[in-house]
file data_25.tsv (TSV, C-alpha atoms and all ligand atoms)
chain	number	residue	atom	x	y	z
A	26	MET	CA	-39.17	13.90	34.00
A	27	THR	CA	-35.45	13.35	34.39
A	28	VAL	CA	-34.65	9.74	35.07
A	29	ALA	CA	-31.42	7.83	35.02
A	30	ALA	CA	-30.43	4.23	34.67
A	31	ALA	CA	-27.77	2.73	36.89
A	32	THR	CA	-25.04	1.38	34.65
A	33	THR	CA	-22.36	0.24	37.09
A	34	PRO	CA	-22.55	-2.24	39.97
A	35	GLU	CA	-21.65	0.62	42.34
A	36	ALA	CA	-24.40	2.91	41.08
A	37	LEU	CA	-26.88	0.05	41.20
A	38	ALA	CA	-25.91	-0.99	44.72
A	39	GLY	CA	-26.02	2.63	45.88
A	40	SER	CA	-29.59	3.20	44.69
A	41	ALA	CA	-32.95	2.25	46.17
A	42	GLN	CA	-33.60	-1.13	44.55
A	43	ASP	CA	-37.35	-0.56	44.38
A	44	GLY	CA	-36.72	2.29	41.94
A	45	PHE	CA	-35.82	-0.26	39.27
A	46	ALA	CA	-38.36	-2.34	37.36
A	47	ALA	CA	-35.64	-4.73	36.19
A	48	ARG	CA	-31.94	-5.12	36.77
A	49	ALA	CA	-29.05	-6.85	35.07
A	50	VAL	CA	-26.08	-7.27	37.37
A	51	GLU	CA	-22.76	-8.00	35.65
A	52	VAL	CA	-24.51	-10.11	33.08
A	53	THR	CA	-22.51	-12.03	30.52
A	54	LYS	CA	-24.19	-13.93	27.72
A	55	VAL	CA	-22.10	-16.19	25.52
A	56	TYR	CA	-23.48	-17.98	22.48
A	57	GLY	CA	-21.72	-20.91	20.87
A	58	GLN	CA	-18.34	-22.43	21.49
A	59	GLY	CA	-14.86	-22.46	20.00
A	60	ASP	CA	-14.70	-20.61	16.70
A	61	ALA	CA	-18.42	-19.89	16.92
A	62	ARG	CA	-18.17	-18.31	20.39
A	63	VAL	CA	-19.83	-14.89	20.61
A	64	VAL	CA	-19.90	-12.73	23.73
A	65	ALA	CA	-23.23	-10.97	23.21
A	66	LEU	CA	-23.29	-9.32	26.65
A	67	ASP	CA	-20.06	-8.58	28.45
A	68	ARG	CA	-20.45	-8.05	32.23
A	69	LEU	CA	-23.24	-5.62	31.59
A	70	THR	CA	-24.93	-3.87	34.50
A	71	LEU	CA	-28.17	-1.95	34.04
A	72	GLY	CA	-30.97	-0.85	36.33
A	73	ILE	CA	-34.09	0.09	34.36
A	74	PRO	CA	-35.94	2.93	36.12
A	75	LYS	CA	-39.52	2.17	37.12
A	76	GLY	CA	-42.33	4.23	35.62
A	77	ALA	CA	-40.15	5.49	32.79
A	78	TYR	CA	-39.83	5.00	29.04
A	79	THR	CA	-36.33	3.77	28.23
A	80	ALA	CA	-34.97	3.38	24.71
A	81	ILE	CA	-32.04	1.11	23.91
A	82	MET	CA	-29.88	1.92	20.90
A	83	GLY	CA	-26.71	0.51	19.44
A	84	PRO	CA	-25.24	-0.91	16.26
A	85	SER	CA	-26.56	-4.15	14.84
A	86	GLY	CA	-25.07	-7.03	16.81
A	87	SER	CA	-24.32	-4.90	19.90
A	88	GLY	CA	-26.55	-7.10	22.07
A	89	LYS	CA	-29.83	-5.16	22.25
A	90	SER	CA	-32.14	-8.10	21.60
A	91	THR	CA	-30.06	-10.39	23.78
A	92	LEU	CA	-30.33	-7.89	26.62
A	93	MET	CA	-34.10	-7.68	26.24
A	94	HIS	CA	-34.46	-11.46	26.09
A	95	CYS	CA	-32.30	-11.94	29.19
A	96	LEU	CA	-34.14	-9.21	31.13
A	97	ALA	CA	-37.46	-10.77	30.15
A	98	GLY	CA	-36.49	-14.31	31.11
A	99	LEU	CA	-36.77	-15.53	27.53
A	100	ASP	CA	-33.11	-16.49	27.53
A	101	SER	CA	-30.80	-17.53	30.36
A	102	VAL	CA	-27.58	-15.73	31.18
A	103	THR	CA	-24.11	-17.29	31.18
A	104	ALA	CA	-23.02	-15.34	34.27
A	105	GLY	CA	-24.46	-12.62	36.46
A	106	GLU	CA	-27.97	-12.03	37.70
A	107	VAL	CA	-31.21	-10.68	36.32
A	108	TYR	CA	-34.02	-9.36	38.52
A	109	VAL	CA	-37.55	-8.45	37.61
A	110	GLY	CA	-38.72	-6.42	40.58
A	111	ASP	CA	-37.06	-8.24	43.47
A	112	VAL	CA	-37.20	-11.70	41.89
A	113	GLU	CA	-33.94	-13.16	40.60
A	114	LEU	CA	-34.81	-15.10	37.46
A	115	GLY	CA	-31.95	-17.61	37.80
A	116	ARG	CA	-33.57	-19.00	40.95
A	117	LEU	CA	-36.86	-19.83	39.27
A	118	ASN	CA	-37.71	-23.21	37.84
A	119	ASP	CA	-39.29	-23.33	34.37
A	120	LYS	CA	-42.83	-23.29	35.67
A	121	ARG	CA	-42.37	-20.27	37.90
A	122	LEU	CA	-40.39	-18.46	35.21
A	123	THR	CA	-43.21	-19.05	32.73
A	124	ARG	CA	-45.73	-17.74	35.23
A	125	LEU	CA	-43.62	-14.65	35.98
A	126	ARG	CA	-43.31	-13.89	32.25
A	127	ARG	CA	-47.04	-14.34	31.80
A	128	ASP	CA	-48.11	-12.24	34.79
A	129	ARG	CA	-45.46	-9.55	35.08
A	130	ILE	CA	-43.98	-8.98	31.64
A	131	GLY	CA	-45.43	-7.67	28.41
A	132	PHE	CA	-43.90	-8.04	24.96
A	133	VAL	CA	-44.28	-6.13	21.73
A	134	PHE	CA	-42.55	-7.54	18.67
A	135	GLN	CA	-41.62	-5.93	15.38
A	136	ALA	CA	-43.91	-8.36	13.55
A	137	PHE	CA	-46.99	-7.68	15.78
A	138	ASN	CA	-47.61	-11.43	16.36
A	139	LEU	CA	-51.38	-11.02	16.58
A	140	VAL	CA	-53.66	-14.04	16.18
A	141	PRO	CA	-55.31	-13.54	12.77
A	142	THR	CA	-58.43	-15.60	13.50
A	143	LEU	CA	-59.32	-13.66	16.66
A	144	THR	CA	-60.94	-10.24	16.76
A	145	ALA	CA	-59.06	-7.22	18.08
A	146	GLY	CA	-60.90	-7.49	21.39
A	147	GLU	CA	-60.12	-11.21	21.69
A	148	ASN	CA	-56.46	-10.56	20.92
A	149	ILE	CA	-56.29	-8.04	23.77
A	150	THR	CA	-57.74	-10.43	26.34
A	151	LEU	CA	-55.87	-13.50	25.06
A	152	PRO	CA	-53.12	-13.33	27.74
A	153	LEU	CA	-55.79	-13.16	30.43
A	154	ASP	CA	-57.69	-16.08	28.90
A	155	ILE	CA	-54.50	-18.14	28.77
A	156	ALA	CA	-53.74	-17.30	32.39
A	157	GLY	CA	-57.33	-18.03	33.40
A	158	THR	CA	-57.44	-14.58	34.98
A	159	ARG	CA	-60.60	-12.54	35.20
A	160	PRO	CA	-60.03	-9.26	33.36
A	161	ASP	CA	-59.91	-6.03	35.33
A	162	ARG	CA	-62.63	-4.28	33.27
A	163	ALA	CA	-61.73	-0.76	34.37
A	164	TRP	CA	-58.11	-1.30	33.44
A	165	LEU	CA	-59.02	-2.86	30.08
A	166	ASP	CA	-61.34	0.06	29.36
A	167	THR	CA	-58.51	2.47	30.07
A	168	VAL	CA	-56.18	0.53	27.78
A	169	ILE	CA	-58.76	0.32	24.98
A	170	ASP	CA	-59.60	4.01	25.22
A	171	THR	CA	-55.93	4.91	25.22
A	172	ILE	CA	-55.19	2.91	22.06
A	173	GLY	CA	-58.21	4.53	20.46
A	174	LEU	CA	-59.56	1.32	18.88
A	175	ARG	CA	-62.86	0.95	20.71
A	176	ASP	CA	-64.82	1.03	17.45
A	177	ARG	CA	-62.55	-1.65	15.96
A	178	LEU	CA	-62.80	-4.32	18.64
A	179	SER	CA	-64.82	-6.71	16.49
A	180	HIS	CA	-62.42	-6.38	13.53
A	181	ARG	CA	-59.78	-8.95	12.74
A	182	PRO	CA	-56.14	-7.87	12.53
A	183	ALA	CA	-56.13	-8.05	8.70
A	184	GLU	CA	-58.86	-5.39	8.68
A	185	LEU	CA	-56.64	-2.95	10.60
A	186	SER	CA	-53.79	-0.74	9.42
A	187	GLY	CA	-50.23	-1.55	10.45
A	188	GLY	CA	-50.27	1.17	13.07
A	189	GLN	CA	-53.59	-0.05	14.46
A	190	GLN	CA	-52.27	-3.62	14.59
A	191	GLN	CA	-49.21	-2.58	16.52
A	192	ARG	CA	-51.29	-0.46	18.92
A	193	LEU	CA	-53.41	-3.55	19.39
A	194	ALA	CA	-50.28	-5.58	20.15
A	195	CYS	CA	-49.31	-2.91	22.70
A	196	ALA	CA	-52.77	-3.15	24.28
A	197	ARG	CA	-52.39	-6.92	24.49
A	198	ALA	CA	-49.04	-6.44	26.25
A	199	LEU	CA	-50.71	-4.06	28.70
A	200	ALA	CA	-53.78	-6.22	29.41
A	201	THR	CA	-52.24	-8.02	32.37
A	202	ARG	CA	-50.93	-4.71	33.76
A	203	PRO	CA	-47.34	-6.00	33.66
A	204	GLN	CA	-44.50	-4.59	35.73
A	205	ILE	CA	-42.49	-4.00	32.59
A	206	ILE	CA	-43.08	-4.02	28.85
A	207	PHE	CA	-40.33	-4.90	26.39
A	208	ALA	CA	-40.69	-3.75	22.80
A	209	ASP	CA	-38.04	-4.84	20.27
A	210	GLU	CA	-38.12	-2.40	17.34
A	211	PRO	CA	-41.90	-2.00	17.58
A	212	THR	CA	-41.98	0.54	14.75
A	213	GLY	CA	-39.57	-1.36	12.50
A	214	ASN	CA	-42.34	-2.48	10.13
A	215	LEU	CA	-44.35	0.74	10.18
A	216	ASP	CA	-44.42	3.90	8.11
A	217	SER	CA	-43.55	7.02	10.04
A	218	ARG	CA	-47.14	8.07	10.72
A	219	SER	CA	-48.17	4.66	12.05
A	220	GLY	CA	-44.93	4.50	13.99
A	221	ALA	CA	-45.76	7.83	15.62
A	222	GLU	CA	-49.15	6.45	16.75
A	223	VAL	CA	-47.49	3.51	18.43
A	224	LEU	CA	-44.77	5.59	20.04
A	225	ALA	CA	-47.30	8.09	21.34
A	226	PHE	CA	-49.33	5.23	22.79
A	227	LEU	CA	-46.32	3.73	24.54
A	228	ARG	CA	-45.50	7.14	25.96
A	229	ARG	CA	-49.05	7.60	27.22
A	230	SER	CA	-48.95	4.18	28.87
A	231	VAL	CA	-45.96	5.45	30.85
A	232	ARG	CA	-47.20	9.00	31.55
A	233	GLU	CA	-50.85	8.29	32.22
A	234	MET	CA	-50.91	4.65	33.25
A	235	GLY	CA	-47.66	4.46	35.19
A	236	GLN	CA	-46.22	1.65	33.08
A	237	THR	CA	-42.53	0.91	32.56
A	238	VAL	CA	-41.49	0.49	28.93
A	239	VAL	CA	-38.15	-0.59	27.47
A	240	MET	CA	-37.88	-0.24	23.70
A	241	VAL	CA	-35.12	-1.17	21.29
A	242	THR	CA	-34.94	1.15	18.31
A	243	HIS	CA	-32.63	2.26	15.51
A	244	ASP	CA	-34.57	5.43	14.94
A	245	PRO	CA	-33.55	8.67	16.68
A	246	VAL	CA	-37.09	9.99	16.22
A	247	ALA	CA	-38.48	6.97	18.08
A	248	ALA	CA	-35.85	7.35	20.80
A	249	GLY	CA	-36.98	10.97	21.17
A	250	TYR	CA	-40.26	9.73	22.66
A	251	ALA	CA	-38.42	8.10	25.54
A	252	ASP	CA	-37.38	9.58	28.89
A	253	LEU	CA	-33.95	8.07	28.59
A	254	VAL	CA	-31.73	6.44	25.95
A	255	ILE	CA	-29.20	3.73	26.78
A	256	PHE	CA	-26.44	3.16	24.21
A	257	LEU	CA	-24.97	-0.30	23.79
A	258	SER	CA	-21.74	-1.23	22.10
A	259	ASP	CA	-20.14	-4.68	21.94
A	260	GLY	CA	-22.35	-6.02	24.69
A	261	ARG	CA	-21.58	-3.19	27.07
A	262	ILE	CA	-23.21	0.07	28.09
A	263	ALA	CA	-21.60	2.89	26.12
A	264	GLY	CA	-23.53	5.75	27.74
A	265	GLN	CA	-26.94	7.19	28.40
A	266	LEU	CA	-28.81	10.32	27.45
A	267	ALA	CA	-31.57	11.80	29.61
A	268	GLU	CA	-34.50	13.73	28.14
A	269	PRO	CA	-33.52	12.81	24.60
A	270	THR	CA	-34.71	14.61	21.51
A	271	ALA	CA	-34.25	13.22	18.02
A	272	GLU	CA	-31.66	15.95	17.39
A	273	ARG	CA	-29.62	15.15	20.49
A	274	VAL	CA	-29.74	11.42	19.77
A	275	LEU	CA	-28.59	12.01	16.18
A	276	GLU	CA	-25.82	14.25	17.38
A	277	ARG	CA	-24.70	11.61	19.88
A	278	LEU	CA	-24.72	8.91	17.18
A	279	ARG	CA	-22.77	11.11	14.78
A	280	ARG	CA	-20.17	11.89	17.38
A	281	ARG	CA	-19.63	8.23	18.22
A	282	PRO	CA	-21.12	6.17	15.41
A	283	ALA	CA	-20.06	2.84	16.87
A	284	GLY	CA	-21.49	3.81	20.22
A	285	GLY	CA	-17.82	3.70	21.00
A	286	THR	CA	-15.52	5.14	23.58
A	287	GLN	CA	-15.85	4.62	27.29
A	288	ASP	CA	-15.69	8.35	27.92
A	289	PRO	CA	-19.16	9.80	28.35
A	290	ASP	CA	-19.42	13.55	28.15
A	291	PRO	CA	-20.38	15.56	31.27
A	292	ALA	CA	-24.06	15.86	30.27
A	293	GLU	CA	-24.31	12.10	29.95
A	294	ARG	CA	-22.51	11.52	33.18
A	295	ALA	CA	-24.79	13.98	34.93
A	296	ALA	CA	-27.65	11.82	33.73
A	297	ASP	CA	-26.05	8.95	35.59
A	298	GLY	CA	-26.55	10.83	38.85
A	299	PRO	CA	-23.92	11.74	41.40
A	300	ARG	CA	-21.28	9.09	41.63
A	301	SER	CA	-17.58	9.09	41.94
A	302	ALA	CA	-16.74	6.25	39.58
A	303	PRO	CA	-14.30	7.30	36.88
A	304	PRO	CA	-15.75	7.71	33.40
A	305	GLY	CA	-16.58	4.30	32.05
A	306	GLY	CA	-14.94	2.93	35.18
A	307	SER	CA	-16.07	-0.56	35.88
A	308	GLN	CA	-18.35	-1.32	32.99
B	401	LIG	P1	-28.75	-6.64	18.26
B	401	LIG	O1	-30.15	-6.91	18.71
B	401	LIG	O2	-28.12	-5.46	18.94
B	401	LIG	O3	-28.61	-6.53	16.77
B	401	LIG	P2	-28.22	-9.33	19.19
B	401	LIG	O4	-28.50	-9.29	20.64
B	401	LIG	O5	-29.26	-9.92	18.32
B	401	LIG	O6	-27.83	-7.87	18.69
B	401	LIG	O7	-26.88	-10.14	18.95
B	401	LIG	C1	-25.68	-9.89	19.67
B	401	LIG	C2	-24.60	-10.87	19.19
B	401	LIG	O8	-24.95	-12.18	19.57
B	401	LIG	C3	-24.44	-10.89	17.68
B	401	LIG	O9	-23.08	-11.10	17.39
B	401	LIG	C4	-25.27	-12.08	17.26
B	401	LIG	O10	-24.80	-12.63	16.07
B	401	LIG	C5	-25.10	-13.02	18.43
B	401	LIG	N1	-26.28	-13.87	18.65
B	401	LIG	C6	-27.53	-13.45	18.98
B	401	LIG	N2	-28.36	-14.49	19.14
B	401	LIG	C7	-27.64	-15.60	18.91
B	401	LIG	C8	-27.91	-17.02	18.92
B	401	LIG	N3	-29.13	-17.47	19.22
B	401	LIG	N4	-26.90	-17.86	18.63
B	401	LIG	C9	-25.65	-17.40	18.36
B	401	LIG	N5	-25.32	-16.10	18.33
B	401	LIG	C10	-26.29	-15.21	18.60
B	402	MG	MG	-31.99	-7.09	17.64
call {"tool": "encode", "arguments": {"input": "data_25.tsv", "output": "C-alpha cells", "more": "lines below"}}
Ligand code: ADP
Ligand code: MG
result
Amino acid sequence: MTVAAATTPEALAGSAQDGFAARAVEVTKVYGQGDARVVALDRLTLGIPKGAYTAIMGPSGSGKSTLMHCLAGLDSVTAGEVYVGDVELGRLNDKRLTRLRRDRIGFVFQAFNLVPTLTAGENITLPLDIAGTRPDRAWLDTVIDTIGLRDRLSHRPAELSGGQQQRLACARALATRPQIIFADEPTGNLDSRSGAEVLAFLRRSVREMGQTVVMVTHDPVAAGYADLVIFLSDGRIAGQLAEPTAERVLERLRRRPAGGTQDPDPAERAADGPRSAPPGGSQ
C-alpha cells in the first residue's frame, strides 16, 4: 500500500479530510521562557493517513515525543490546531478531552506501563473497565488471537517475556478499538526478536484490523515495518519516505544524518503526492 502524509497546509487543505486519522495544522509548541525557551515544534503541519502504519524518525530532541503528545491531546499546543478525526482538541474542555483520549486514542509506551497486580486478561480490559464500557467480545477475541497470548491470559506481567508484555500493552491499547494508536519507541526496551514480535503485531493490527498506528522509533529496522516514514528535524517535517525498507531508511539517514535540508529528493516528493509547492516550500 502506498500512502502519503500531507506535510504542508496546502497539501492538507487540498486533500479529503476524512482520509486523515489525525492532523496537526501549523502547530507550534514552545516550552519554557527566556533563556529556557525551547521551540519543540515549529509551525509543523502533518496529516496522518487513516488505516496506515506511520513511523516518525528524527534526531533526539527533534520533537517526536512532543508531536505525539500534542496529537494525542496529552499536551496543549502554543499555536495552531490539532484534530483527531474531525474534532479540534483545543475546543474541548478537560472532561471532554479526557473522554476523547479514553475512547478514541490508544497508547503504547516504551516502558509497557502494565499493572503488575492484574492478570494479562485484566490488563487488556482495564481501559474498558475504567470507561464502564461493555467489552465487544468478538473484537477482544480478535485482538487476543492476534497477539497470540490466549494461553497466557491468567498470567501476571512479571510471568511474561518483554516481548509478550509489550504485545499485551498493544492489545490493551487496541481494546477500545481506538481511531488511532500512538506508540513512542515501543521496542526501545526489547531485544531484536521481541521487538520483531511487537512490530509484526502492530503491522497486523493495521493490515488485518484496519487500525491506524503512529510509532516513534530510532531503529531503521522498526521503521521498515511501517507504510510510511516521516522525518523530523528541529521541530519541522524534513521529509517522508513511502514503502520504507530498513535499507532505504538507513540510506536516507546516512545521506542527511541530521534529518537536515529542506530539499527532498524526487522519490520523497512523489510520496507527497501531486502538488505544486516548491521543495520544502512552506514548512
Ligand atoms: P524527541 O522525542 O524527538 O527526542 P522531544 O519532543 O522530547 O524530542 O523534545 C523536543 C525539544 O523540546 C527538546 O529540546 C526538549 O528538550 C524539549 N522539551 C521536551 N519536553 C519538554 C518539557 N516538558 N519542558 C521543557 N522542554 C521540553
Ligand atoms: Mg522522545
call {"tool": "residues_near_ligand", "arguments": {"input": "data_25.tsv", "ligand": "ligand LIG 401 (chain B)", "cutoff": "9 Å", "atoms": "only C-alpha atoms and all ligand atoms", "output": "list in words"}}
result
Lys54, Val55, Tyr56, Gly57, Ala61, Arg62, Val63, Val64, Ala65, Leu66, Met82, Gly83, Pro84, Ser85, Gly86, Ser87, Gly88, Lys89, Ser90, Thr91, Leu92, Met93, His94, Asp209, Val241, Leu257, Ser258, Asp259 and Gly260 of chain A
call {"tool": "residues_around", "arguments": {"input": "data_25.tsv", "residues": "Gly131 (chain A)", "least_positions_apart": "6", "cutoff": "12 Å", "atoms": "all atoms listed in the file", "output": "short mmCIF file (atom, residue, chain, number, x, y, z; two decimals) with C-alpha atoms, in the frame of the given file"}}
result
data_model
loop_
_atom_site.label_atom_id
_atom_site.label_comp_id
_atom_site.auth_asym_id
_atom_site.auth_seq_id
_atom_site.Cartn_x
_atom_site.Cartn_y
_atom_site.Cartn_z
CA MET A 93 -34.10 -7.68 26.24
CA HIS A 94 -34.46 -11.46 26.09
CA LEU A 96 -34.14 -9.21 31.13
CA ALA A 97 -37.46 -10.77 30.15
CA GLY A 98 -36.49 -14.31 31.11
CA LEU A 99 -36.77 -15.53 27.53
CA LEU A 125 -43.62 -14.65 35.98
CA ILE A 149 -56.29 -8.04 23.77
CA PRO A 152 -53.12 -13.33 27.74
CA LEU A 153 -55.79 -13.16 30.43
CA ALA A 194 -50.28 -5.58 20.15
CA CYS A 195 -49.31 -2.91 22.70
CA ALA A 196 -52.77 -3.15 24.28
CA ARG A 197 -52.39 -6.92 24.49
CA ALA A 198 -49.04 -6.44 26.25
CA LEU A 199 -50.71 -4.06 28.70
CA ALA A 200 -53.78 -6.22 29.41
CA THR A 201 -52.24 -8.02 32.37
CA ARG A 202 -50.93 -4.71 33.76
CA PRO A 203 -47.34 -6.00 33.66
CA GLN A 204 -44.50 -4.59 35.73
CA ILE A 205 -42.49 -4.00 32.59
CA ILE A 206 -43.08 -4.02 28.85
CA PHE A 207 -40.33 -4.90 26.39
CA ALA A 208 -40.69 -3.75 22.80
CA ASP A 209 -38.04 -4.84 20.27
CA GLN A 236 -46.22 1.65 33.08
CA THR A 237 -42.53 0.91 32.56
CA VAL A 238 -41.49 0.49 28.93
CA VAL A 239 -38.15 -0.59 27.47
CA MET A 240 -37.88 -0.24 23.70
#
call {"tool": "residues_near_point", "arguments": {"input": "data_25.tsv", "point": "(-58.4, -11.0, 16.0)", "cutoff": "10 Å", "atoms": "all atoms listed in the file", "output": "PyMOL selection string"}}
result
chain A and resi 139-149+151+178-185+190+193
call {"tool": "closest_residue", "arguments": {"input": "data_25.tsv", "among": "A:Thr242, A:Thr53, A:Ser230, A:Asn214", "to": "ligand MG 402 (chain B)", "atoms": "only C-alpha atoms and all ligand atoms"}}
result
A:Thr242
call {"tool": "closest_residue", "arguments": {"input": "data_25.tsv", "among": "A:Thr79, A:Val112, A:Pro211, A:Pro74", "to": "ligand MG 402 (chain B)", "atoms": "only C-alpha atoms and all ligand atoms"}}
result
A:Pro211
call {"tool": "closest_residue", "arguments": {"input": "data_25.tsv", "among": "A:Pro34, A:Gly213, A:Gly235, A:Gly264", "to": "ligand MG 402 (chain B)", "atoms": "all atoms listed in the file"}}
result
A:Gly213
call {"tool": "atom_distance", "arguments": {"input": "data_25.tsv", "atom1": "CA of Val274 (chain A)", "atom2": "CA of Ala248 (chain A)"}}
result
7.4 Å
call {"tool": "atom_distance", "arguments": {"input": "data_25.tsv", "atom1": "CA of Gly44 (chain A)", "atom2": "CA of Glu210 (chain A)"}}
result
25.1 Å
call {"tool": "residues_around", "arguments": {"input": "data_25.tsv", "residues": "Val109 (chain A)", "least_positions_apart": "5", "cutoff": "7 Å", "atoms": "all atoms listed in the file", "output": "list in words"}}
result
Ala46, Ala47 and Arg48 of chain A
call {"tool": "residues_near_point", "arguments": {"input": "data_25.tsv", "point": "(-21.0, -1.3, 34.2)", "cutoff": "10 Å", "atoms": "all atoms listed in the file", "output": "list in words"}}
result
Ala31, Thr32, Thr33, Pro34, Glu35, Ala36, Leu37, Ala49, Val50, Glu51, Val52, Asp67, Arg68, Leu69, Thr70, Leu71, Arg261, Ile262, Ala263, Gly264, Gly305, Gly306, Ser307 and Gln308 of chain A
call {"tool": "atom_distance", "arguments": {"input": "data_25.tsv", "atom1": "CA of Thr167 (chain A)", "atom2": "CA of Glu233 (chain A)"}}
result
9.9 Å
call {"tool": "closest_residue", "arguments": {"input": "data_25.tsv", "among": "A:His243, A:Gln265, A:Asp154, A:Gly188", "to": "ligand MG 402 (chain B)", "atoms": "all atoms listed in the file"}}
result
A:His243
call {"tool": "closest_residue", "arguments": {"input": "data_25.tsv", "among": "A:Ile81, A:Ala156, A:Ala163, A:Val231", "to": "ligand MG 402 (chain B)", "atoms": "all atoms listed in the file"}}
result
A:Ile81
call {"tool": "closest_residue", "arguments": {"input": "data_25.tsv", "among": "A:Ala247, A:Val28, A:Ala267, A:Ile155", "to": "Asp128 (chain A)", "atoms": "all atoms listed in the file"}}
result
A:Ile155
